[in-house]
>>> print(open('upload.cif').read())   # mmCIF, C-alpha atoms
data_start
#
loop_
_atom_site.label_atom_id
_atom_site.label_comp_id
_atom_site.auth_asym_id
_atom_site.auth_seq_id
_atom_site.Cartn_x
_atom_site.Cartn_y
_atom_site.Cartn_z
CA MET I 10 12.13 -14.26 -8.99
CA SER I 11 10.89 -17.22 -10.99
CA SER I 12 11.45 -20.93 -10.59
CA ALA I 13 9.29 -22.58 -13.20
CA ALA I 14 9.28 -21.84 -16.90
CA PRO I 15 5.94 -20.88 -18.47
CA ARG I 16 4.03 -23.48 -20.37
CA PRO I 17 5.29 -24.13 -23.91
CA ALA I 18 3.56 -22.30 -26.72
CA ASP I 19 0.63 -23.79 -28.61
CA GLN I 20 -0.38 -21.38 -31.33
CA ASP I 21 -3.78 -23.01 -31.81
CA HIS I 22 -4.72 -23.01 -28.12
CA LEU I 23 -7.15 -20.29 -26.98
CA TRP I 24 -6.18 -19.68 -23.40
CA SER I 25 -8.75 -18.81 -20.75
CA VAL I 26 -8.14 -15.90 -18.40
CA ASP I 27 -7.72 -18.33 -15.53
CA GLU I 28 -5.22 -20.52 -17.39
CA HIS I 29 -3.03 -17.56 -18.30
CA LEU I 30 -3.09 -16.17 -14.75
CA GLU I 31 -2.37 -19.62 -13.30
CA ASP I 32 0.66 -19.94 -15.58
CA ILE I 33 1.97 -16.54 -14.48
CA LEU I 34 1.52 -17.21 -10.76
CA ALA I 35 3.08 -20.67 -11.09
CA THR I 36 6.20 -19.06 -12.58
CA VAL I 37 6.62 -15.93 -10.47
CA ARG I 38 8.03 -16.41 -6.97
CA PRO I 39 8.36 -13.99 -4.03
CA LEU I 40 11.59 -12.01 -3.83
CA GLU I 41 14.22 -13.08 -1.31
CA PRO I 42 14.01 -11.32 2.10
CA ILE I 43 16.48 -8.62 3.09
CA GLU I 44 17.13 -6.49 6.19
CA LEU I 45 16.17 -2.84 5.70
CA GLN I 46 16.19 0.35 7.72
CA LEU I 47 12.68 1.32 8.81
CA LEU I 48 12.02 4.09 6.30
CA ASP I 49 13.45 1.99 3.48
CA ALA I 50 11.03 -0.78 4.46
CA GLN I 51 7.90 1.31 3.88
CA GLY I 52 5.54 -0.57 1.57
CA CYS I 53 7.40 -3.85 2.07
CA VAL I 54 6.02 -7.08 3.52
CA LEU I 55 7.30 -8.48 6.81
CA VAL I 56 8.69 -12.00 6.62
CA GLU I 57 8.77 -12.66 10.36
CA ASP I 58 6.66 -11.96 13.43
CA VAL I 59 7.88 -9.00 15.49
CA THR I 60 7.79 -9.39 19.28
CA VAL I 61 7.70 -6.45 21.66
CA PRO I 62 11.00 -6.21 23.63
CA VAL I 63 9.85 -3.39 25.92
CA SER I 64 6.39 -2.43 27.14
CA LEU I 65 4.65 0.65 25.80
CA PRO I 66 4.55 2.94 27.55
CA PRO I 67 7.63 1.71 29.45
CA PHE I 68 6.53 3.49 32.66
CA ASP I 69 3.41 5.04 34.20
CA ASN I 70 3.15 8.56 32.81
CA SER I 71 0.84 11.54 32.79
CA SER I 72 -1.62 12.10 29.95
CA MET I 73 -2.15 15.72 31.02
CA ASP I 74 -0.26 18.82 32.07
CA GLY I 75 -1.11 19.23 35.74
CA TYR I 76 -0.10 18.14 39.21
CA ALA I 77 0.82 14.71 40.51
CA VAL I 78 -0.82 14.30 43.93
CA ARG I 79 -2.03 11.79 46.53
CA ILE I 80 -5.75 10.96 46.40
CA ALA I 81 -6.41 11.72 50.06
CA ASP I 82 -4.97 15.22 49.74
CA VAL I 83 -7.57 16.32 47.14
CA ALA I 84 -10.60 14.41 48.44
CA GLY I 85 -13.55 16.79 48.77
CA ALA I 86 -11.74 19.68 47.07
CA SER I 87 -13.91 22.38 45.47
CA GLU I 88 -13.58 25.95 44.24
CA GLU I 89 -15.10 27.18 47.50
CA PHE I 90 -12.89 24.93 49.64
CA PRO I 91 -9.81 24.10 47.58
CA ALA I 92 -7.10 21.73 48.70
CA VAL I 93 -3.88 23.69 49.24
CA LEU I 94 -0.71 21.69 48.53
CA ASP I 95 3.00 22.43 48.66
CA VAL I 96 4.61 22.29 45.21
CA VAL I 97 7.88 20.36 45.48
CA GLY I 98 9.08 20.92 41.91
CA ASP I 99 8.61 19.91 38.28
CA VAL I 100 8.52 16.52 36.60
CA ALA I 101 9.20 16.87 32.88
CA ALA I 102 9.24 14.30 30.10
CA GLY I 103 12.67 12.71 29.85
CA GLN I 104 13.63 13.71 33.39
CA ALA I 105 15.96 11.15 34.96
CA GLU I 106 15.70 11.99 38.68
CA LEU I 107 12.15 11.91 40.03
CA LEU I 108 10.76 13.87 42.95
CA HIS I 109 8.94 12.13 45.77
CA VAL I 110 5.41 13.32 46.52
CA GLY I 111 4.54 13.05 50.19
CA PRO I 112 1.41 13.95 52.20
CA GLY I 113 0.20 17.46 51.44
CA GLN I 114 2.52 17.80 48.49
CA ALA I 115 2.17 18.09 44.71
CA ALA I 116 4.61 17.92 41.81
CA ARG I 117 3.93 19.94 38.68
CA ILE I 118 3.93 17.35 35.90
CA MET I 119 4.02 17.56 32.12
CA THR I 120 2.32 15.33 29.57
CA GLY I 121 4.39 12.18 29.03
CA ALA I 122 6.43 12.62 32.21
CA PRO I 123 6.78 9.64 34.61
CA LEU I 124 4.39 9.53 37.55
CA PRO I 125 6.69 10.32 40.52
CA PRO I 126 6.96 8.01 43.55
CA GLY I 127 4.29 8.68 46.15
CA ALA I 128 1.84 10.21 43.68
CA GLU I 129 -1.38 8.29 42.98
CA THR I 130 -3.17 10.44 40.44
CA VAL I 131 -2.88 13.53 38.24
CA VAL I 132 -4.99 16.66 38.55
CA PRO I 133 -5.22 18.63 35.26
CA VAL I 134 -3.87 22.18 35.54
CA GLU I 135 -7.33 23.46 34.53
CA TRP I 136 -8.63 22.14 37.89
CA THR I 137 -6.19 24.37 39.77
CA ASP I 138 -5.10 27.98 40.14
CA GLY I 139 -1.73 27.12 38.60
CA GLY I 140 -0.03 28.35 41.76
CA LEU I 141 -1.13 31.93 41.12
CA GLY I 142 -3.49 32.17 44.10
CA GLU I 143 -6.44 33.16 41.91
CA GLY I 144 -9.21 31.22 40.13
CA PRO I 145 -8.90 28.26 37.75
CA VAL I 146 -6.33 28.69 34.97
CA SER I 147 -6.35 27.43 31.39
CA GLY I 148 -2.72 26.34 31.24
CA MET I 149 0.80 26.62 32.57
CA ARG I 150 3.25 29.40 31.91
CA ALA I 151 6.50 28.29 30.30
CA ARG I 152 9.11 27.46 32.93
CA SER I 153 11.51 29.96 31.38
CA LEU I 154 8.93 32.73 31.86
CA GLY I 155 7.69 31.67 35.27
CA PRO I 156 10.17 29.43 37.13
CA GLU I 157 8.42 30.21 40.39
CA GLY I 158 5.55 27.97 39.25
CA ALA I 159 7.56 24.93 40.30
CA GLU I 160 7.46 25.97 43.96
CA GLY I 161 5.12 27.57 46.47
CA HIS I 162 1.50 26.43 46.79
CA VAL I 163 -1.22 25.27 44.41
CA HIS I 164 -4.96 25.37 45.01
CA VAL I 165 -6.78 22.29 43.70
CA HIS I 166 -10.50 22.84 43.01
CA ARG I 167 -11.65 19.28 42.22
CA PRO I 168 -10.94 15.79 43.59
CA ALA I 169 -9.40 13.09 41.38
CA GLU I 170 -9.87 9.33 41.33
CA ALA I 171 -7.03 6.87 41.62
CA ARG I 172 -4.73 6.89 38.57
CA ALA I 173 -6.84 9.48 36.77
CA HIS I 174 -5.01 10.90 33.73
CA VAL I 175 -2.29 8.28 34.13
CA ARG I 176 -1.21 6.10 31.19
CA ALA I 177 -0.27 2.78 32.72
CA LYS I 178 2.93 0.96 31.86
CA GLY I 179 2.18 -1.61 29.14
CA SER I 180 -1.30 -0.21 28.45
CA ASP I 181 -0.42 -0.07 24.72
CA VAL I 182 1.59 -3.28 24.35
CA ARG I 183 3.46 -5.43 26.86
CA ALA I 184 6.90 -6.93 26.55
CA GLY I 185 6.55 -10.34 24.92
CA ASP I 186 3.40 -9.43 22.98
CA ARG I 187 3.38 -9.87 19.21
CA ALA I 188 3.58 -6.42 17.68
CA LEU I 189 3.18 -7.33 14.00
CA ASP I 190 2.53 -10.57 12.14
CA ALA I 191 4.57 -11.87 9.24
CA GLY I 192 2.82 -10.85 6.04
CA THR I 193 2.02 -7.33 7.25
CA VAL I 194 2.55 -4.53 4.75
CA LEU I 195 4.52 -1.78 6.49
CA GLY I 196 2.74 1.56 6.31
CA PRO I 197 3.33 4.66 8.46
CA PRO I 198 1.48 3.31 11.56
CA GLN I 199 3.42 0.03 11.48
CA ILE I 200 6.72 1.84 11.07
CA ALA I 201 5.78 4.07 14.02
CA LEU I 202 5.15 0.98 16.15
CA LEU I 203 8.46 -0.59 15.15
CA ALA I 204 10.31 2.60 16.05
CA ALA I 205 8.41 2.88 19.34
CA ILE I 206 9.55 -0.58 20.44
CA GLY I 207 13.14 0.14 19.47
CA ARG I 208 13.44 -1.66 16.13
CA GLY I 209 15.74 0.21 13.76
CA THR I 210 15.75 -2.45 11.04
CA VAL I 211 13.32 -5.13 9.96
CA ARG I 212 13.42 -8.21 7.72
CA VAL I 213 11.14 -7.85 4.71
CA ARG I 214 10.68 -8.80 1.10
CA PRO I 215 11.74 -5.75 -0.94
CA ARG I 216 9.34 -3.90 -3.17
CA PRO I 217 9.60 -5.32 -6.69
CA ARG I 218 11.36 -3.24 -9.34
CA VAL I 219 9.15 -3.06 -12.41
CA VAL I 220 10.31 -1.67 -15.75
CA VAL I 221 7.50 -0.45 -18.05
CA MET I 222 7.94 0.41 -21.71
CA SER I 223 5.67 1.21 -24.63
CA THR I 224 6.41 0.26 -28.22
CA GLY I 225 5.38 2.04 -31.38
CA SER I 226 6.94 4.52 -33.80
CA GLU I 227 3.74 6.57 -33.64
CA LEU I 228 4.19 7.38 -29.94
CA VAL I 229 5.19 10.86 -28.81
CA GLN I 230 5.96 11.98 -25.27
CA PRO I 231 3.57 14.44 -23.57
CA ASP I 232 4.53 18.12 -24.04
CA GLU I 233 5.96 17.39 -27.48
CA SER I 234 4.27 18.39 -30.73
CA LEU I 235 2.25 15.77 -32.59
CA GLY I 236 3.07 15.03 -36.21
CA THR I 237 0.84 13.38 -38.79
CA GLY I 238 -0.28 9.96 -37.61
CA GLN I 239 1.22 10.36 -34.15
CA ILE I 240 -0.38 9.97 -30.72
CA TYR I 241 0.80 10.62 -27.19
CA ASP I 242 2.20 7.72 -25.20
CA SER I 243 -0.30 7.25 -22.38
CA ASN I 244 0.16 3.53 -21.73
CA SER I 245 3.59 3.72 -20.16
CA PHE I 246 2.37 6.42 -17.76
CA ALA I 247 -0.77 4.48 -16.85
CA LEU I 248 1.05 1.21 -16.25
CA THR I 249 3.94 2.79 -14.34
CA ALA I 250 1.42 4.51 -12.05
CA ALA I 251 -0.52 1.26 -11.71
CA ALA I 252 2.65 -0.64 -10.79
CA ARG I 253 3.46 1.90 -8.09
CA ASP I 254 -0.11 1.71 -6.84
CA ALA I 255 0.30 -2.07 -6.58
CA GLY I 256 3.34 -1.60 -4.33
CA ALA I 257 6.25 -1.72 -6.79
CA ILE I 258 9.14 0.59 -7.48
CA ALA I 259 8.39 1.32 -11.13
CA TYR I 260 10.58 2.78 -13.87
CA ARG I 261 9.10 4.15 -17.08
CA VAL I 262 11.15 3.81 -20.24
CA GLY I 263 10.47 6.14 -23.15
CA ALA I 264 8.57 4.65 -26.07
CA VAL I 265 10.65 2.36 -28.27
CA ALA I 266 10.27 2.58 -32.06
CA ASP I 267 9.06 -0.35 -34.15
CA ASP I 268 12.45 -1.97 -34.54
CA ALA I 269 12.98 -5.45 -33.13
CA GLU I 270 16.70 -5.15 -32.49
CA THR I 271 16.32 -1.78 -30.74
CA LEU I 272 13.57 -3.16 -28.53
CA ARG I 273 15.54 -6.27 -27.68
CA SER I 274 18.66 -4.32 -26.74
CA THR I 275 16.58 -1.84 -24.70
CA ILE I 276 15.02 -4.66 -22.71
CA GLU I 277 18.38 -6.30 -22.14
CA ASP I 278 19.78 -2.98 -20.87
CA GLN I 279 16.88 -2.65 -18.41
CA LEU I 280 17.25 -6.13 -16.86
CA VAL I 281 19.86 -4.88 -14.40
CA ARG I 282 17.14 -2.97 -12.51
CA ALA I 283 14.14 -5.22 -13.14
CA ASP I 284 12.40 -7.89 -11.11
CA LEU I 285 9.60 -7.73 -13.69
CA VAL I 286 9.39 -6.25 -17.19
CA VAL I 287 6.11 -5.02 -18.68
CA THR I 288 5.77 -4.05 -22.34
CA THR I 289 2.71 -2.65 -24.03
CA GLY I 290 2.00 -2.86 -27.75
CA GLY I 291 3.37 -5.01 -30.54
CA VAL I 292 1.86 -8.36 -29.50
CA SER I 293 -0.85 -8.83 -32.12
CA VAL I 294 -0.58 -10.22 -35.65
CA GLY I 295 0.38 -7.09 -37.62
CA ALA I 296 3.50 -6.72 -39.72
CA TYR I 297 4.91 -4.16 -37.25
CA ASP I 298 4.20 -6.02 -34.02
CA VAL I 299 7.85 -5.95 -32.98
CA VAL I 300 7.51 -7.33 -29.44
CA LYS I 301 6.64 -10.72 -30.86
CA GLU I 302 9.43 -10.43 -33.39
CA ALA I 303 12.00 -9.36 -30.79
CA LEU I 304 11.09 -11.75 -28.00
CA SER I 305 9.59 -14.89 -29.50
CA SER I 306 13.02 -16.55 -29.54
CA VAL I 307 14.72 -14.76 -26.65
CA GLY I 308 16.51 -17.24 -24.42
CA ASP I 309 15.90 -20.28 -26.56
CA GLU I 310 19.62 -20.81 -27.15
CA ASP I 311 21.49 -18.72 -24.61
CA GLU I 312 19.20 -19.22 -21.61
CA PRO I 313 17.62 -22.67 -21.48
CA GLY I 314 14.25 -22.65 -19.76
CA SER I 315 13.51 -19.02 -20.62
CA GLY I 316 11.64 -17.40 -23.47
CA VAL I 317 8.40 -15.53 -24.12
CA ASP I 318 5.22 -17.25 -25.26
CA PHE I 319 2.65 -15.21 -27.20
CA ARG I 320 -0.96 -16.30 -26.79
CA LYS I 321 -4.55 -15.60 -27.63
CA LEU I 322 -6.88 -15.35 -24.66
CA ALA I 323 -10.63 -15.86 -24.56
CA MET I 324 -11.23 -12.35 -23.23
CA GLN I 325 -12.27 -8.90 -24.36
CA PRO I 326 -10.46 -6.56 -24.31
CA GLY I 327 -6.95 -8.04 -24.24
CA LYS I 328 -7.00 -11.08 -26.51
CA PRO I 329 -3.28 -10.98 -27.47
CA GLN I 330 -0.93 -11.51 -24.53
CA GLY I 331 2.68 -12.53 -24.00
CA PHE I 332 4.38 -14.05 -20.99
CA GLY I 333 7.72 -15.63 -20.21
CA THR I 334 11.11 -15.15 -18.60
CA ILE I 335 14.20 -13.55 -20.08
CA GLY I 336 17.85 -12.95 -19.27
CA PRO I 337 20.29 -14.75 -16.99
CA ASP I 338 18.05 -14.35 -13.92
CA HIS I 339 14.94 -15.54 -15.77
CA THR I 340 13.24 -12.21 -15.15
CA PRO I 341 9.47 -12.45 -15.75
CA LEU I 342 8.14 -10.43 -18.68
CA LEU I 343 4.51 -9.68 -19.42
CA ALA I 344 3.73 -8.33 -22.88
CA LEU I 345 0.41 -6.51 -22.96
CA PRO I 346 -1.67 -5.23 -25.89
CA GLY I 347 -1.21 -1.65 -27.08
CA ASN I 348 -4.77 -0.35 -26.92
CA PRO I 349 -5.07 1.74 -23.72
CA VAL I 350 -8.04 -0.06 -22.20
CA SER I 351 -6.72 -3.47 -23.21
CA SER I 352 -3.36 -2.76 -21.58
CA TYR I 353 -4.90 -1.42 -18.36
CA VAL I 354 -7.39 -4.26 -17.98
CA SER I 355 -4.57 -6.73 -18.69
CA PHE I 356 -2.46 -5.06 -16.01
CA GLU I 357 -5.19 -5.40 -13.41
CA LEU I 358 -5.84 -9.05 -14.25
CA PHE I 359 -2.28 -10.29 -14.73
CA VAL I 360 0.48 -7.83 -13.83
CA ARG I 361 -0.89 -6.65 -10.51
CA PRO I 362 -1.17 -10.22 -9.14
CA ALA I 363 2.39 -10.88 -10.34
CA ILE I 364 3.68 -7.80 -8.49
CA ARG I 365 1.81 -8.77 -5.32
CA THR I 366 3.23 -12.28 -5.60
CA LEU I 367 6.78 -10.91 -5.88
CA MET I 368 6.05 -8.91 -2.70
CA GLY I 369 5.15 -12.11 -0.87
CA LEU I 370 1.51 -11.26 -0.21
CA ASP I 371 -1.04 -14.03 0.25
CA ASP I 372 -3.96 -12.15 -1.29
CA VAL I 373 -2.80 -10.87 -4.67
CA HIS I 374 -6.14 -10.07 -6.31
CA ARG I 375 -8.38 -7.02 -6.38
CA PRO I 376 -11.51 -7.48 -4.26
CA THR I 377 -14.64 -8.62 -6.06
CA THR I 378 -18.32 -8.31 -5.19
CA ARG I 379 -21.76 -8.91 -6.64
CA ALA I 380 -23.76 -5.89 -7.79
CA THR I 381 -27.01 -5.01 -9.52
CA LEU I 382 -26.53 -3.78 -13.07
CA THR I 383 -27.94 -0.32 -13.68
CA ALA I 384 -28.08 0.42 -17.41
CA ASP I 385 -30.35 1.86 -20.10
CA LYS I 386 -30.18 -1.32 -22.14
CA ALA I 387 -28.83 -4.84 -22.03
CA LEU I 388 -25.08 -5.37 -22.19
CA THR I 389 -23.93 -7.60 -25.03
CA SER I 390 -20.84 -9.77 -25.03
CA PRO I 391 -19.27 -12.14 -27.59
CA ARG I 392 -19.90 -15.76 -26.78
CA GLY I 393 -16.81 -17.64 -25.67
CA ARG I 394 -15.06 -14.50 -24.38
CA ARG I 395 -14.92 -13.22 -20.84
CA GLN I 396 -15.64 -9.52 -21.18
CA PHE I 397 -14.49 -6.81 -18.80
CA LEU I 398 -16.46 -3.58 -19.09
CA ARG I 399 -15.58 -0.37 -17.28
CA GLY I 400 -18.09 0.72 -14.65
CA THR I 401 -18.79 2.83 -11.61
CA TYR I 402 -19.81 1.05 -8.40
CA ALA I 403 -21.79 2.47 -5.48
CA ASP I 404 -24.10 1.02 -2.82
CA GLY I 405 -24.43 -2.40 -4.38
CA SER I 406 -25.09 -1.15 -7.93
CA VAL I 407 -22.80 -0.84 -10.92
CA SER I 408 -23.25 1.21 -14.09
CA PRO I 409 -21.26 0.88 -17.32
CA VAL I 410 -19.05 3.81 -18.36
CA GLY I 411 -18.39 4.42 -22.03
CA GLY I 412 -18.55 1.77 -24.71
CA ALA I 413 -16.69 -1.47 -25.25
CA GLY I 414 -14.01 0.10 -27.45
CA SER I 415 -10.48 -0.62 -26.23
CA HIS I 416 -9.27 2.89 -27.14
CA LEU I 417 -11.64 4.87 -24.89
CA VAL I 418 -9.26 6.40 -22.35
CA ALA I 419 -11.69 9.07 -21.12
CA ALA I 420 -14.21 6.46 -20.00
CA LEU I 421 -11.45 4.53 -18.25
CA ALA I 422 -10.61 7.61 -16.21
CA GLN I 423 -14.17 7.65 -14.84
CA ALA I 424 -14.30 3.95 -13.92
CA ASP I 425 -13.66 2.46 -10.50
CA ALA I 426 -14.74 -1.08 -11.31
CA LEU I 427 -14.76 -3.75 -14.01
CA ILE I 428 -18.03 -5.49 -14.86
CA VAL I 429 -17.35 -9.14 -15.63
CA VAL I 430 -19.48 -10.92 -18.24
CA PRO I 431 -18.73 -14.68 -18.29
CA GLU I 432 -17.78 -16.59 -21.41
CA ASP I 433 -21.15 -18.32 -21.75
CA VAL I 434 -23.24 -15.13 -21.43
CA GLU I 435 -24.09 -13.03 -24.50
CA SER I 436 -26.50 -10.54 -22.92
CA VAL I 437 -26.99 -9.08 -19.43
CA GLU I 438 -30.27 -7.32 -18.75
CA PRO I 439 -30.58 -4.24 -16.50
CA GLY I 440 -31.35 -5.34 -12.94
CA ALA I 441 -29.34 -8.54 -13.26
CA GLU I 442 -26.68 -9.41 -10.70
CA VAL I 443 -23.13 -9.29 -12.05
CA GLU I 444 -19.63 -9.87 -10.76
CA VAL I 445 -17.61 -6.69 -10.22
CA VAL I 446 -13.88 -6.21 -9.76
CA LEU I 447 -13.29 -3.17 -7.54
CA LEU I 448 -10.35 -1.09 -8.74
CA GLY I 449 -9.92 1.39 -5.91
#
>>> encode(input="upload.cif", output="structure tokens")
Amino acid sequence: MSSAAPRPADQDHLWSVDEHLEDILATVRPLEPIELQLLDAQGCVLVEDVTVPVSLPPFDNSSMDGYAVRIADVAGASEEFPAVLDVVGDVAAGQAELLHVGPGQAARIMTGAPLPPGAETVVPVEWTDGGLGEGPVSGMRARSLGPEGAEGHVHVHRPAEARAHVRAKGSDVRAGDRALDAGTVLGPPQIALLAAIGRGTVRVRPRPRVVVMSTGSELVQPDESLGTGQIYDSNSFALTAAARDAGAIAYRVGAVADDAETLRSTIEDQLVRADLVVTTGGVSVGAYDVVKEALSSVGDEDEPGSGVDFRKLAMQPGKPQGFGTIGPDHTPLLALPGNPVSSYVSFELFVRPAIRTLMGLDDVHRPTTRATLTADKALTSPRGRRQFLRGTYADGSVSPVGGAGSHLVAALAQADALIVVPEDVESVEPGAEVEVVLLG
């Protein structure tokens, strides 16, 4: 999971956003590949190219319900002067023994059934009388209800070109073609293709297991009654959902009270199911910031090379951050601030790239673009801090949502972008071009 320890702590160093992210990505390494059954591999990343062993489709087959015929036998056919052919039987999908279609003959054929020997094209049933001796029909009767339809005569009212309504062998992919490239994320269409070419298992990097926990004695679970000074725990829900959205298997742990020993033991208990641990809250400079207290010295004696470093970043929101590795497997841990907006912005900037790195993806970042700022007044930003403001993006323009306060959850729910104000900019006027991180 990780091969390099994070940089040693320097309490006086004000880290830039880029330095902190670089340290995280230099420490986190992709998970080891495993062989998984197809449905278990959904959302995982392929680690090898997949070559097609058998062409798709594996044989010429009909794309319509109708009649397999020879071209010459239906040339010039019309409703006034239909071609009358002998029906020699049915060709159904999955049928092993095929009929032979000779001159003046037709085989009733179903969608997906192999084109029988001798046949050169398929006439849709709607171009025929369906063997009923009347005008054009709209479909076939079920064989169980009308078995006589597989024999007798059929009147064909229109000619057909060579190989009309025939899906050619290998017209989808041919044996030896590359079906999927290494690095592909397996979604439903990719899993369908793997199944179609006969692959029951595939070699992938597994989805990372991410454990998320909030800290704070003031936190109450949703659906419970609030007491004096209490608030609902929203961060663990937001970050667990965000981790799943990033591609992880995420586990939410109930809020842990402000007790360093309880937090430390809870984290240690969770390591058995964690490729990455994310905490929120308790990383600032208050007397009850227990994450720092619990983790500042973790691993220093028992696990050389591990430990958590707590830092100040030149960003707003999200100045206090923690990062390191813990436990015998040097599991990465990211400690995020407790304010809702701070924790979510920190997740997008630091945790999401870590998850995508564990998955083995090359591009681990959210897409960015340039947009015109639409606002009633200039945006202000503290000098020396990279500010990330919530916004809504559409058609090349971005508008701020809510204020800069790191507690404004309602505004966060309306945002689909982050407006980035660089460290050396203190004011951005309406109409200016800004960098935007697209969140969805």
>>> axis_aligned_box(input="upload.cif", around="range 73-80 of chain I", padding_each_side="5 Å", output="JSON")
{"center_x": -2.5, "center_y": 15.1, "center_z": 38.8, "size_x": 16.6, "size_y": 18.3, "size_z": 25.5}
>>> closest_residue(input="upload.cif", among="I:Leu108, I:Ala77, I:Val373, I:Ala171", to="Thr137 in chain I", atoms="all atoms listed in the file")
I:Ala77
>>> closest_residue(input="upload.cif", among="I:Ala188, I:Leu124, I:Ala323, I:Val292", to="Arg395 in chain I", atoms="all atoms listed in the file")
I:Ala323
>>> closest_residue(input="upload.cif", among="I:Arg261, I:Arg361, I:Lys178, I:Arg379", to="Phe68 in chain I", atoms="all atoms listed in the file")
I:Lys178
>>> closest_residue(input="upload.cif", among="I:Val56, I:Val97, I:Ala269, I:Leu48", to="Pro198 in chain I", atoms="only C-alpha atoms")
I:Leu48
>>> residues_around(input="upload.cif", residues="range 398-402 of chain I", least_positions_apart="5", cutoff="7 Å", atoms="all atoms listed in the file", output="PyMOL selection string")
chain I and resi 407-410+413+421+424-429
>>> atom_distance(input="upload.cif", atom1="CA of Ser243 in chain I", atom2="CA of Ser352 in chain I")
10.5 Å
>>> atom_distance(input="upload.cif", atom1="CA of Pro217 in chain I", atom2="CA of Leu45 in chain I")
14.2 Å
>>> closest_residue(input="upload.cif", among="I:Leu34, I:Ala403, I:Leu202, I:Ala105", to="Gly449 in chain I", atoms="all atoms listed in the file")
I:Ala403
>>> residues_around(input="upload.cif", residues="Pro42 in chain I", least_positions_apart="3", cutoff="8 Å", atoms="all atoms listed in the file", output="PyMOL selection string")
chain I and resi 56+212-215
>>> resolve_selection(input="upload.cif", expression="the PyMOL selection byres ((chain I and resi 63) around 9)", output="PyMOL selection string")
chain I and resi 61-62+64-67+179+182-185+206-207
>>> closest_residue(input="upload.cif", among="I:Gly291, I:Met222, I:Lys386, I:Tyr241", to="Thr275 in chain I", atoms="only C-alpha atoms")
I:Met222
>>> resolve_selection(input="upload.cif", expression="the PyMOL selection byres ((chain I and resi 173) around 12)", output="list in words")
Asp69, Asn70, Ser71, Ser72, Met73, Gly75, Tyr76, Ala77, Val78, Arg79, Ile80, Leu124, Ala128, Glu129, Thr130, Val131, Val132, Pro133, Pro168, Ala169, Glu170, Ala171, Arg172, His174, Val175, Arg176 and Ala177 of chain I
>>> residues_around(input="upload.cif", residues="Ala86 in chain I", least_positions_apart="6", cutoff="7 Å", atoms="only C-alpha atoms", output="PDB file with C-alpha atoms, in the coordinates of the input")
ATOM      1  CA  ALA I  92      -7.100  21.730  48.700  1.00  0.00           C
ATOM      2  CA  VAL I 165      -6.780  22.290  43.700  1.00  0.00           C
ATOM      3  CA  HIS I 166     -10.500  22.840  43.010  1.00  0.00           C
ATOM      4  CA  ARG I 167     -11.650  19.280  42.220  1.00  0.00           C
ATOM      5  CA  PRO I 168     -10.940  15.790  43.590  1.00  0.00           C
TER       6      PRO I 168
END
>>> residues_around(input="upload.cif", residues="Ala252 in chain I", least_positions_apart="4", cutoff="10 Å", atoms="only C-alpha atoms", output="list of chain:residue names")
I:Pro217, I:Arg218, I:Val219, I:Val220, I:Val221, I:Phe246, I:Ala247, I:Leu248, I:Gly256, I:Ala257, I:Ile258, I:Ala259, I:Tyr260, I:Val287, I:Phe356, I:Glu357, I:Val360, I:Arg361, I:Ile364, I:Arg365
>>> write_last_selection(input="upload.cif", atoms="C-alpha atoms", output="CSV table (one decimal), in the frame of the given file")
chain,number,residue,atom,x,y,z
I,217,PRO,CA,9.6,-5.3,-6.7
I,218,ARG,CA,11.4,-3.2,-9.3
I,219,VAL,CA,9.2,-3.1,-12.4
I,220,VAL,CA,10.3,-1.7,-15.8
I,221,VAL,CA,7.5,-0.4,-18.0
I,246,PHE,CA,2.4,6.4,-17.8
I,247,ALA,CA,-0.8,4.5,-16.8
I,248,LEU,CA,1.0,1.2,-16.2
I,256,GLY,CA,3.3,-1.6,-4.3
I,257,ALA,CA,6.2,-1.7,-6.8
I,258,ILE,CA,9.1,0.6,-7.5
I,259,ALA,CA,8.4,1.3,-11.1
I,260,TYR,CA,10.6,2.8,-13.9
I,287,VAL,CA,6.1,-5.0,-18.7
I,356,PHE,CA,-2.5,-5.1,-16.0
I,357,GLU,CA,-5.2,-5.4,-13.4
I,360,VAL,CA,0.5,-7.8,-13.8
I,361,ARG,CA,-0.9,-6.6,-10.5
I,364,ILE,CA,3.7,-7.8,-8.5
I,365,ARG,CA,1.8,-8.8,-5.3
>>> atom_distance(input="upload.cif", atom1="CA of Leu343 in chain I", atom2="CA of Gly290 in chain I")
11.1 Å
>>> residues_around(input="upload.cif", residues="Val229 in chain I", least_positions_apart="3", cutoff="9 Å", atoms="only C-alpha atoms", output="ChimeraX atom specification")
/I:226,232-236,239-242,264
>>> write_last_selection(input="upload.cif", atoms="C-alpha atoms", output="short mmCIF file (atom, residue, chain, number, x, y, z; two decimals), in the frame of the given file")
data_model
loop_
_atom_site.label_atom_id
_atom_site.label_comp_id
_atom_site.auth_asym_id
_atom_site.auth_seq_id
_atom_site.Cartn_x
_atom_site.Cartn_y
_atom_site.Cartn_z
CA SER I 226 6.94 4.52 -33.80
CA ASP I 232 4.53 18.12 -24.04
CA GLU I 233 5.96 17.39 -27.48
CA SER I 234 4.27 18.39 -30.73
CA LEU I 235 2.25 15.77 -32.59
CA GLY I 236 3.07 15.03 -36.21
CA GLN I 239 1.22 10.36 -34.15
CA ILE I 240 -0.38 9.97 -30.72
CA TYR I 241 0.80 10.62 -27.19
CA ASP I 242 2.20 7.72 -25.20
CA ALA I 264 8.57 4.65 -26.07
#
>>> resolve_selection(input="upload.cif", expression="the PyMOL selection byres ((chain I and resi 442) around 10)", output="ChimeraX atom specification")
/I:379-383,405-407,437-441,443-445
